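S.K.: Structure file run.pdb, PDB, C-alpha atoms and all ligand atoms, is pasted below:
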```
ATOM      1  CA  MET X1411      -1.683   3.209  18.003  1.00  0.00           C
ATOM      2  CA  THR X1412      -2.930   5.201  15.046  1.00  0.00           C
ATOM      3  CA  VAL X1413      -3.561   3.113  11.942  1.00  0.00           C
ATOM      4  CA  LEU X1414      -4.266   4.508   8.508  1.00  0.00           C
ATOM      5  CA  HIS X1415      -5.968   1.809   6.416  1.00  0.00           C
ATOM      6  CA  ILE X1416      -6.045   2.463   2.678  1.00  0.00           C
ATOM      7  CA  ASP X1417      -7.687   0.457  -0.090  1.00  0.00           C
ATOM      8  CA  SER X1418      -7.341   1.150  -3.789  1.00  0.00           C
ATOM      9  CA  SER X1419      -8.800  -1.849  -5.632  1.00  0.00           C
ATOM     10  CA  ILE X1420     -11.549  -1.284  -8.192  1.00  0.00           C
ATOM     11  CA  GLN X1421     -12.812  -4.858  -7.738  1.00  0.00           C
ATOM     12  CA  GLY X1422     -15.120  -4.315  -4.768  1.00  0.00           C
ATOM     13  CA  GLU X1423     -16.077  -7.476  -2.928  1.00  0.00           C
ATOM     14  CA  ASN X1424     -13.956  -9.607  -5.290  1.00  0.00           C
ATOM     15  CA  SER X1425     -10.850  -7.697  -4.336  1.00  0.00           C
ATOM     16  CA  ILE X1426      -8.036  -9.727  -2.851  1.00  0.00           C
ATOM     17  CA  THR X1427      -6.110  -6.729  -1.533  1.00  0.00           C
ATOM     18  CA  ARG X1428      -9.196  -5.499   0.323  1.00  0.00           C
ATOM     19  CA  GLN X1429      -9.524  -8.890   2.006  1.00  0.00           C
ATOM     20  CA  ILE X1430      -5.867  -9.004   2.984  1.00  0.00           C
ATOM     21  CA  SER X1431      -5.562  -5.386   4.105  1.00  0.00           C
ATOM     22  CA  ALA X1432      -8.610  -5.890   6.353  1.00  0.00           C
ATOM     23  CA  ALA X1433      -7.027  -9.032   7.827  1.00  0.00           C
ATOM     24  CA  ILE X1434      -3.812  -7.104   8.521  1.00  0.00           C
ATOM     25  CA  VAL X1435      -5.657  -4.298  10.316  1.00  0.00           C
ATOM     26  CA  GLU X1436      -7.656  -6.871  12.278  1.00  0.00           C
ATOM     27  CA  ARG X1437      -4.462  -8.630  13.375  1.00  0.00           C
ATOM     28  CA  LEU X1438      -2.678  -5.408  14.328  1.00  0.00           C
ATOM     29  CA  THR X1439      -5.563  -4.018  16.340  1.00  0.00           C
ATOM     30  CA  ALA X1440      -7.072  -7.153  17.919  1.00  0.00           C
ATOM     31  CA  GLU X1441      -5.062  -6.690  21.113  1.00  0.00           C
ATOM     32  CA  GLN X1442      -5.079  -2.877  21.001  1.00  0.00           C
ATOM     33  CA  SER X1443      -8.193  -1.650  22.748  1.00  0.00           C
ATOM     34  CA  GLY X1444      -7.385   2.015  22.107  1.00  0.00           C
ATOM     35  CA  ALA X1445      -6.361   1.724  18.471  1.00  0.00           C
ATOM     36  CA  ASP X1446      -7.448   4.656  16.339  1.00  0.00           C
ATOM     37  CA  VAL X1447      -8.128   3.342  12.818  1.00  0.00           C
ATOM     38  CA  ARG X1448      -8.744   5.756   9.947  1.00  0.00           C
ATOM     39  CA  TYR X1449     -10.006   4.295   6.679  1.00  0.00           C
ATOM     40  CA  ARG X1450      -9.618   5.757   3.201  1.00  0.00           C
ATOM     41  CA  ASP X1451     -11.115   4.046   0.137  1.00  0.00           C
ATOM     42  CA  LEU X1452      -9.324   5.542  -2.847  1.00  0.00           C
ATOM     43  CA  ALA X1453     -11.537   3.739  -5.366  1.00  0.00           C
ATOM     44  CA  ALA X1454     -14.789   4.970  -3.817  1.00  0.00           C
ATOM     45  CA  GLN X1455     -13.461   8.467  -3.202  1.00  0.00           C
ATOM     46  CA  PRO X1456     -10.543   9.077  -5.568  1.00  0.00           C
ATOM     47  CA  LEU X1457      -8.110  11.880  -4.950  1.00  0.00           C
ATOM     48  CA  PRO X1458      -7.457  14.279  -7.835  1.00  0.00           C
ATOM     49  CA  HIS X1459      -4.467  13.876 -10.083  1.00  0.00           C
ATOM     50  CA  LEU X1460      -1.616  16.288  -9.490  1.00  0.00           C
ATOM     51  CA  THR X1461      -2.036  19.851 -10.626  1.00  0.00           C
ATOM     52  CA  LEU X1462      -0.035  22.864  -9.541  1.00  0.00           C
ATOM     53  CA  PRO X1463      -2.993  24.569  -7.808  1.00  0.00           C
ATOM     54  CA  GLY X1464      -3.858  21.200  -6.263  1.00  0.00           C
ATOM     55  CA  PHE X1465      -0.804  21.399  -4.014  1.00  0.00           C
ATOM     56  CA  GLY X1466      -2.420  24.178  -2.032  1.00  0.00           C
ATOM     57  CA  THR X1467      -5.849  22.744  -1.333  1.00  0.00           C
ATOM     58  CA  ASP X1468      -7.301  21.902   2.068  1.00  0.00           C
ATOM     59  CA  GLU X1469      -7.839  18.352   0.823  1.00  0.00           C
ATOM     60  CA  ALA X1470      -4.154  17.932  -0.065  1.00  0.00           C
ATOM     61  CA  ALA X1471      -3.140  19.243   3.370  1.00  0.00           C
ATOM     62  CA  ALA X1472      -5.591  16.880   5.072  1.00  0.00           C
ATOM     63  CA  VAL X1473      -4.331  13.819   3.167  1.00  0.00           C
ATOM     64  CA  LEU X1474      -0.741  14.614   4.109  1.00  0.00           C
ATOM     65  CA  ALA X1475      -1.665  15.339   7.746  1.00  0.00           C
ATOM     66  CA  GLU X1476      -3.554  12.049   7.972  1.00  0.00           C
ATOM     67  CA  PHE X1477      -0.468  10.185   6.753  1.00  0.00           C
ATOM     68  CA  LEU X1478       1.892  12.053   9.082  1.00  0.00           C
ATOM     69  CA  ALA X1479      -0.376  11.376  12.079  1.00  0.00           C
ATOM     70  CA  ALA X1480      -0.410   7.600  11.550  1.00  0.00           C
ATOM     71  CA  ASP X1481       2.185   5.396  13.179  1.00  0.00           C
ATOM     72  CA  THR X1482       1.100   2.402  11.086  1.00  0.00           C
ATOM     73  CA  VAL X1483      -0.144   2.488   7.497  1.00  0.00           C
ATOM     74  CA  VAL X1484      -1.791  -0.549   5.882  1.00  0.00           C
ATOM     75  CA  ILE X1485      -2.206  -0.310   2.114  1.00  0.00           C
ATOM     76  CA  GLY X1486      -4.171  -2.520  -0.247  1.00  0.00           C
ATOM     77  CA  ALA X1487      -2.235  -2.338  -3.509  1.00  0.00           C
ATOM     78  CA  PRO X1488      -3.531  -4.239  -6.543  1.00  0.00           C
ATOM     79  CA  MET X1489      -1.286  -4.670  -9.567  1.00  0.00           C
ATOM     80  CA  TYR X1490      -2.981  -3.152 -12.610  1.00  0.00           C
ATOM     81  CA  ASN X1491      -1.052  -3.005 -15.873  1.00  0.00           C
ATOM     82  CA  PHE X1492       2.197  -3.952 -14.159  1.00  0.00           C
ATOM     83  CA  THR X1493       2.100  -1.272 -11.495  1.00  0.00           C
ATOM     84  CA  ILE X1494      -0.081   0.172  -8.737  1.00  0.00           C
ATOM     85  CA  SER X1495      -3.566   1.538  -9.380  1.00  0.00           C
ATOM     86  CA  THR X1496      -3.857   5.114 -10.579  1.00  0.00           C
ATOM     87  CA  GLN X1497      -5.884   5.827  -7.442  1.00  0.00           C
ATOM     88  CA  LEU X1498      -3.037   4.742  -5.189  1.00  0.00           C
ATOM     89  CA  LYS X1499      -0.535   6.701  -7.276  1.00  0.00           C
ATOM     90  CA  ALA X1500      -2.612   9.857  -6.734  1.00  0.00           C
ATOM     91  CA  TRP X1501      -2.429   9.258  -2.955  1.00  0.00           C
ATOM     92  CA  ILE X1502       1.340   8.816  -3.123  1.00  0.00           C
ATOM     93  CA  ASP X1503       1.557  12.068  -5.058  1.00  0.00           C
ATOM     94  CA  HIS X1504      -0.111  13.683  -2.025  1.00  0.00           C
ATOM     95  CA  ILE X1505       2.277  12.240   0.573  1.00  0.00           C
ATOM     96  CA  ALA X1506       5.624  12.573  -1.214  1.00  0.00           C
ATOM     97  CA  VAL X1507       6.090  16.231  -0.347  1.00  0.00           C
ATOM     98  CA  ALA X1508       9.413  18.062  -0.175  1.00  0.00           C
ATOM     99  CA  GLY X1509      10.102  19.453   3.269  1.00  0.00           C
ATOM    100  CA  LYS X1510       7.442  17.213   4.845  1.00  0.00           C
ATOM    101  CA  THR X1511       8.345  13.614   3.988  1.00  0.00           C
ATOM    102  CA  PHE X1512      11.729  14.113   2.307  1.00  0.00           C
ATOM    103  CA  ARG X1513      14.386  16.734   1.817  1.00  0.00           C
ATOM    104  CA  TYR X1514      17.774  17.034   0.142  1.00  0.00           C
ATOM    105  CA  ASP X1515      21.001  17.646   2.039  1.00  0.00           C
ATOM    106  CA  GLU X1516      23.779  20.007   0.907  1.00  0.00           C
ATOM    107  CA  SER X1517      25.296  17.254  -1.254  1.00  0.00           C
ATOM    108  CA  GLY X1518      22.021  16.566  -3.021  1.00  0.00           C
ATOM    109  CA  ASN X1519      21.309  13.303  -1.212  1.00  0.00           C
ATOM    110  CA  ALA X1520      17.661  12.565  -0.478  1.00  0.00           C
ATOM    111  CA  ILE X1521      16.826  12.285   3.224  1.00  0.00           C
ATOM    112  CA  GLY X1522      13.578  10.544   4.179  1.00  0.00           C
ATOM    113  CA  LEU X1523      11.627  12.302   6.934  1.00  0.00           C
ATOM    114  CA  ALA X1524       8.876   9.732   7.555  1.00  0.00           C
ATOM    115  CA  GLY X1525      10.988   6.921   8.974  1.00  0.00           C
ATOM    116  CA  ASP X1526       9.013   6.716  12.216  1.00  0.00           C
ATOM    117  CA  LYS X1527       6.181   4.775  10.529  1.00  0.00           C
ATOM    118  CA  ARG X1528       5.447   1.141   9.859  1.00  0.00           C
ATOM    119  CA  VAL X1529       4.007   0.563   6.390  1.00  0.00           C
ATOM    120  CA  ILE X1530       2.508  -2.820   5.507  1.00  0.00           C
ATOM    121  CA  VAL X1531       1.381  -3.403   1.925  1.00  0.00           C
ATOM    122  CA  ALA X1532      -1.148  -6.055   0.880  1.00  0.00           C
ATOM    123  CA  LEU X1533      -0.291  -6.648  -2.776  1.00  0.00           C
ATOM    124  CA  SER X1534      -2.093  -8.882  -5.250  1.00  0.00           C
ATOM    125  CA  ARG X1535      -0.967  -9.780  -8.769  1.00  0.00           C
ATOM    126  CA  GLY X1536      -2.761 -11.822 -11.387  1.00  0.00           C
ATOM    127  CA  GLY X1537       0.376 -13.630 -12.517  1.00  0.00           C
ATOM    128  CA  PHE X1538       3.644 -14.715 -10.943  1.00  0.00           C
ATOM    129  CA  TYR X1539       6.497 -12.223 -10.641  1.00  0.00           C
ATOM    130  CA  GLY X1540       8.897 -13.778  -8.128  1.00  0.00           C
ATOM    131  CA  ALA X1541      12.657 -13.764  -8.543  1.00  0.00           C
ATOM    132  CA  GLY X1542      13.672 -15.940 -11.468  1.00  0.00           C
ATOM    133  CA  THR X1543      10.286 -15.850 -13.230  1.00  0.00           C
ATOM    134  CA  PRO X1544      10.076 -14.493 -16.810  1.00  0.00           C
ATOM    135  CA  ALA X1545       7.793 -11.687 -15.596  1.00  0.00           C
ATOM    136  CA  ALA X1546      10.064 -10.536 -12.756  1.00  0.00           C
ATOM    137  CA  ALA X1547      11.526  -7.754 -14.915  1.00  0.00           C
ATOM    138  CA  VAL X1548       8.121  -6.130 -15.421  1.00  0.00           C
ATOM    139  CA  GLU X1549       7.115  -6.078 -11.777  1.00  0.00           C
ATOM    140  CA  HIS X1550       6.629  -2.356 -11.175  1.00  0.00           C
ATOM    141  CA  ALA X1551       4.159  -2.437  -8.257  1.00  0.00           C
ATOM    142  CA  GLU X1552       6.146  -3.863  -5.328  1.00  0.00           C
ATOM    143  CA  SER X1553       9.404  -2.443  -6.731  1.00  0.00           C
ATOM    144  CA  TYR X1554       7.873   1.021  -7.114  1.00  0.00           C
ATOM    145  CA  LEU X1555       6.409   0.999  -3.594  1.00  0.00           C
ATOM    146  CA  ARG X1556       9.762  -0.098  -2.143  1.00  0.00           C
ATOM    147  CA  ALA X1557      11.426   2.791  -3.994  1.00  0.00           C
ATOM    148  CA  VAL X1558       8.990   5.536  -3.080  1.00  0.00           C
ATOM    149  CA  PHE X1559       8.627   4.544   0.579  1.00  0.00           C
ATOM    150  CA  GLY X1560      12.400   4.112   0.804  1.00  0.00           C
ATOM    151  CA  PHE X1561      12.754   7.623  -0.568  1.00  0.00           C
ATOM    152  CA  ILE X1562      10.719   9.024   2.336  1.00  0.00           C
ATOM    153  CA  GLY X1563      12.584   6.928   4.893  1.00  0.00           C
ATOM    154  CA  ILE X1564      10.429   3.818   5.279  1.00  0.00           C
ATOM    155  CA  VAL X1565      11.235   0.163   4.603  1.00  0.00           C
ATOM    156  CA  PRO X1566       7.777  -1.247   3.785  1.00  0.00           C
ATOM    157  CA  GLU X1567       6.662  -4.775   4.634  1.00  0.00           C
ATOM    158  CA  PHE X1568       4.811  -6.767   1.965  1.00  0.00           C
ATOM    159  CA  ILE X1569       2.220  -9.508   2.070  1.00  0.00           C
ATOM    160  CA  VAL X1570       1.748 -10.745  -1.480  1.00  0.00           C
ATOM    161  CA  ALA X1571      -0.914 -12.902  -3.130  1.00  0.00           C
ATOM    162  CA  GLU X1572      -0.022 -14.107  -6.601  1.00  0.00           C
ATOM    163  CA  GLY X1573      -1.725 -15.976  -9.405  1.00  0.00           C
ATOM    164  CA  ALA X1574      -5.212 -14.483  -9.061  1.00  0.00           C
ATOM    165  CA  ALA X1575      -5.754 -14.465 -12.831  1.00  0.00           C
ATOM    166  CA  VAL X1576      -4.188 -17.847 -13.575  1.00  0.00           C
ATOM    167  CA  GLY X1577      -7.127 -19.877 -12.305  1.00  0.00           C
ATOM    168  CA  PRO X1578      -9.358 -20.448  -9.288  1.00  0.00           C
ATOM    169  CA  GLU X1579      -6.950 -22.857  -7.609  1.00  0.00           C
ATOM    170  CA  HIS X1580      -4.028 -20.476  -7.922  1.00  0.00           C
ATOM    171  CA  ARG X1581      -6.222 -17.614  -6.744  1.00  0.00           C
ATOM    172  CA  ALA X1582      -7.302 -19.556  -3.656  1.00  0.00           C
ATOM    173  CA  ALA X1583      -3.747 -20.703  -2.927  1.00  0.00           C
ATOM    174  CA  GLY X1584      -2.454 -17.145  -3.245  1.00  0.00           C
ATOM    175  CA  ILE X1585      -5.044 -15.807  -0.817  1.00  0.00           C
ATOM    176  CA  GLU X1586      -4.421 -18.656   1.603  1.00  0.00           C
ATOM    177  CA  ALA X1587      -0.662 -18.062   1.597  1.00  0.00           C
ATOM    178  CA  ALA X1588      -1.148 -14.339   2.112  1.00  0.00           C
ATOM    179  CA  LEU X1589      -3.556 -14.822   5.013  1.00  0.00           C
ATOM    180  CA  ALA X1590      -1.100 -17.283   6.581  1.00  0.00           C
ATOM    181  CA  ALA X1591       1.558 -14.580   6.308  1.00  0.00           C
ATOM    182  CA  VAL X1592      -0.798 -12.126   8.024  1.00  0.00           C
ATOM    183  CA  ASP X1593      -1.025 -14.565  10.948  1.00  0.00           C
ATOM    184  CA  GLN X1594       2.776 -14.405  11.232  1.00  0.00           C
ATOM    185  CA  LEU X1595       2.976 -10.603  11.203  1.00  0.00           C
ATOM    186  CA  GLU X1596       4.806  -9.098  14.119  1.00  0.00           C
ATOM    187  CA  VAL X1597       2.371  -7.266  16.380  1.00  0.00           C
ATOM    188  CA  LYS X1598       3.681  -4.671  18.800  1.00  0.00           C
ATOM    189  CA  VAL X1599       1.222  -4.253  21.646  1.00  0.00           C
ATOM    190  CA  ALA X1600       1.561  -0.978  23.527  1.00  0.00           C
ATOM    191  CA  ALA X1601       2.284  -1.451  27.231  1.00  0.00           C
TER     192      ALA X1601
HETATM  193  C1  LIG X1701      -7.545  -3.505 -14.916  1.00  0.00           C
HETATM  194  C2  LIG X1701      -6.723  -4.671 -14.445  1.00  0.00           C
HETATM  195  C3  LIG X1701      -5.399  -4.761 -14.835  1.00  0.00           C
HETATM  196  C4  LIG X1701      -4.613  -5.828 -14.413  1.00  0.00           C
HETATM  197  N1  LIG X1701      -3.312  -5.888 -14.777  1.00  0.00           N
HETATM  198  C5  LIG X1701      -2.528  -6.904 -14.343  1.00  0.00           C
HETATM  199  C6  LIG X1701      -1.160  -6.981 -14.703  1.00  0.00           C
HETATM  200  O1  LIG X1701      -0.599  -6.150 -15.375  1.00  0.00           O
HETATM  201  N2  LIG X1701      -0.452  -8.041 -14.236  1.00  0.00           N
HETATM  202  C7  LIG X1701      -1.000  -8.992 -13.445  1.00  0.00           C
HETATM  203  O2  LIG X1701      -0.307  -9.927 -13.043  1.00  0.00           O
HETATM  204  N3  LIG X1701      -2.298  -8.947 -13.083  1.00  0.00           N
HETATM  205  C8  LIG X1701      -3.075  -7.928 -13.509  1.00  0.00           C
HETATM  206  N4  LIG X1701      -4.384  -7.856 -13.143  1.00  0.00           N
HETATM  207  C9  LIG X1701      -4.897  -8.822 -12.170  1.00  0.00           C
HETATM  208  C10 LIG X1701      -4.835  -8.232 -10.775  1.00  0.00           C
HETATM  209  O3  LIG X1701      -3.499  -7.973 -10.373  1.00  0.00           O
HETATM  210  C11 LIG X1701      -5.507  -9.144  -9.753  1.00  0.00           C
HETATM  211  O4  LIG X1701      -6.899  -9.210 -10.079  1.00  0.00           O
HETATM  212  C12 LIG X1701      -5.329  -8.699  -8.328  1.00  0.00           C
HETATM  213  O5  LIG X1701      -6.041  -9.564  -7.489  1.00  0.00           O
HETATM  214  C13 LIG X1701      -5.750  -7.233  -8.140  1.00  0.00           C
HETATM  215  O6  LIG X1701      -5.997  -6.905  -6.773  1.00  0.00           O
HETATM  216  P1  LIG X1701      -7.516  -6.750  -6.279  1.00  0.00           P
HETATM  217  O7  LIG X1701      -8.105  -8.147  -6.385  1.00  0.00           O
HETATM  218  O8  LIG X1701      -7.442  -6.267  -4.910  1.00  0.00           O
HETATM  219  O9  LIG X1701      -8.201  -5.788  -7.205  1.00  0.00           O
HETATM  220  C14 LIG X1701      -5.177  -6.808 -13.565  1.00  0.00           C
HETATM  221  C15 LIG X1701      -6.523  -6.706 -13.180  1.00  0.00           C
HETATM  222  C16 LIG X1701      -7.283  -5.642 -13.603  1.00  0.00           C
HETATM  223  C17 LIG X1701      -8.716  -5.544 -13.153  1.00  0.00           C
END
```
Rewrite the coordinates I just gave you, this time as structure tokens.
Ligand SMILES: Cc1cc2nc3c(=O)[nH]c(=O)nc-3n(C[C@H](O)[C@H](O)[C@H](O)COP(=O)(O)O)c2cc1C
M.R.:
Amino acid sequence: MTVLHIDSSIQGENSITRQISAAIVERLTAEQSGADVRYRDLAAQPLPHLTLPGFGTDEAAAVLAEFLAADTVVIGAPMYNFTISTQLKAWIDHIAVAGKTFRYDESGNAIGLAGDKRVIVALSRGGFYGAGTPAAAVEHAESYLRAVFGFIGIVPEFIVAEGAAVGPEHRAAGIEAALAAVDQLEVKVAA
């Protein structure tokens, strides 16, 4: 089992997504003695924004290779300004690569090439964005990640904490619910 663990919160030890992503990795690997876990902290060591020359760098190749080598990817994804962090977006810009993670067929349909991976996202939002809420229409973090991973062939799983900014009780309840969901995650132990 090769796990790529990514964090992208700017909130350090107060980060909810860091807490949840760590719990997910712990659950997935607890029974896997030979698990190979790679960790990338995109807030501590940000990747560059896209530039044309940037496509050809050794760093860009290494980031893509690291993603392609992982069979499981765990991503801490905070909602900032209604979408994912700019640090996480820069990482996605490195892994959405034509000919590597997607291609187009003769009819112009996109074909995802990374469908052999499991992607689990730990998402935290300050407010409430569930179906039927007034804010649902401006949820562009989970919806964006579903779209971009779907584009490269992956149906991501989400563990969501909500209400972090509403008050301490909502924050605690959101974390508790998310950690309970981590305990229910399906774990595939290699024979
Ligand atoms: C710069 C910044 C922008 C934020 N923008 C939003 C937002 O647009 N909507 C929202 O519901 N919460 C917002 N929040 C609250 C975060 O989603 C919340 O703190 C969440 O826990 C972030 O994940 P983290 O704790 O891992 O950093 C924002 C927080 C910060 C620091």
S.K.: Please determine, counting all atoms listed in the file, which residue among X:Thr1482, X:Thr1496, X:Thr1511, X:Ser1534 has the shortest atom-to-atom distance to ligand LIG 1701 (chain X).
M.R.: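 Of X:Thr1482, X:Thr1496, X:Thr1511, X:Ser1534, the one nearest ligand LIG 1701 (chain X) is X:Ser1534, counting all atoms listed in the file.
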S.K.: So which residues are near ligand LIG 1701 (chain X), meaning at most 7 Å away with all atoms listed in the file counted, given back as a PyMOL selection string?
M.R.: chain X and resi 1419-1421+1424-1428+1486-1493+1533-1538+1574-1575
S.K.: I need the residue set behind the PyMOL selection byres (((chain X and resi 1463-1475) around 12) and not hetatm) for this file; please write it as a PyMOL selection string.
M.R.: chain X and resi 1414+1416+1448-1450+1452+1456-1462+1476-1481+1500-1511+1524
S.K.: So how many Å separate CA of Ala1571 (chain X) and CA of Tyr1554 (chain X), to one decimal?
M.R.: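 For CA of Ala1571 (chain X) relative to CA of Tyr1554 (chain X), the distance reads 16.9 Å.
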S.K.: Please determine, counting only C-alpha atoms, which residue among X:Val1435, X:Ile1521, X:Val1570, X:Asp1526 has the shortest atom-to-atom distance to Tyr1539 (chain X).
M.R.: X:Val1570
S.K.: I need the output of the PyMOL selection byres (((chain X and resi 1566) around 12) and not hetatm) for this file as a PyMOL selection string; which residues are they?
M.R.: chain X and resi 1482-1485+1524-1533+1552-1565+1567-1569
S.K.: For Gln1594 (chain X), which residue out of X:Arg1437, X:Glu1423, X:Ala1545, X:Gln1429 is the nearest one, using only C-alpha atoms?
M.R.: X:Arg1437
S.K.: Record the distance separating CA of Ile1585 (chain X) and CA of Ala1453 (chain X), expressed in Å with one decimal.
M.R.: 21.1 Å
S.K.: Kindly give the distance, in Å, that separates CA of Val1548 (chain X) and CA of Gly1584 (chain X), rounded to a single decimal.
M.R.: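 According to the coordinates, CA of Val1548 (chain X) and CA of Gly1584 (chain X) are separated by 19.5 Å.
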S.K.: What do you get, as a list in words, if you spell out every residue that the PyMOL selection byres (((chain X and resi 1436) around 12) and not hetatm) selects here?
M.R.: Val1413, His1415, Gln1429, Ile1430, Ser1431, Ala1432, Ala1433, Ile1434, Val1435, Arg1437, Leu1438, Thr1439, Ala1440, Glu1441, Gln1442, Ser1443, Ala1445, Val1447, Val1484, Leu1589, Val1592, Asp1593, Leu1595 and Val1597 of chain X
S.K.: With 3 Å of padding per side, what axis-aligned box (centre and edge lengths, Å, one decimal) covers all the listed atoms of region 1544-1548 of chain X? Give it as JSON.
M.R.:
```
{"center_x": 9.7, "center_y": -10.3, "center_z": -14.8, "size_x": 9.7, "size_y": 14.4, "size_z": 10.1}
```
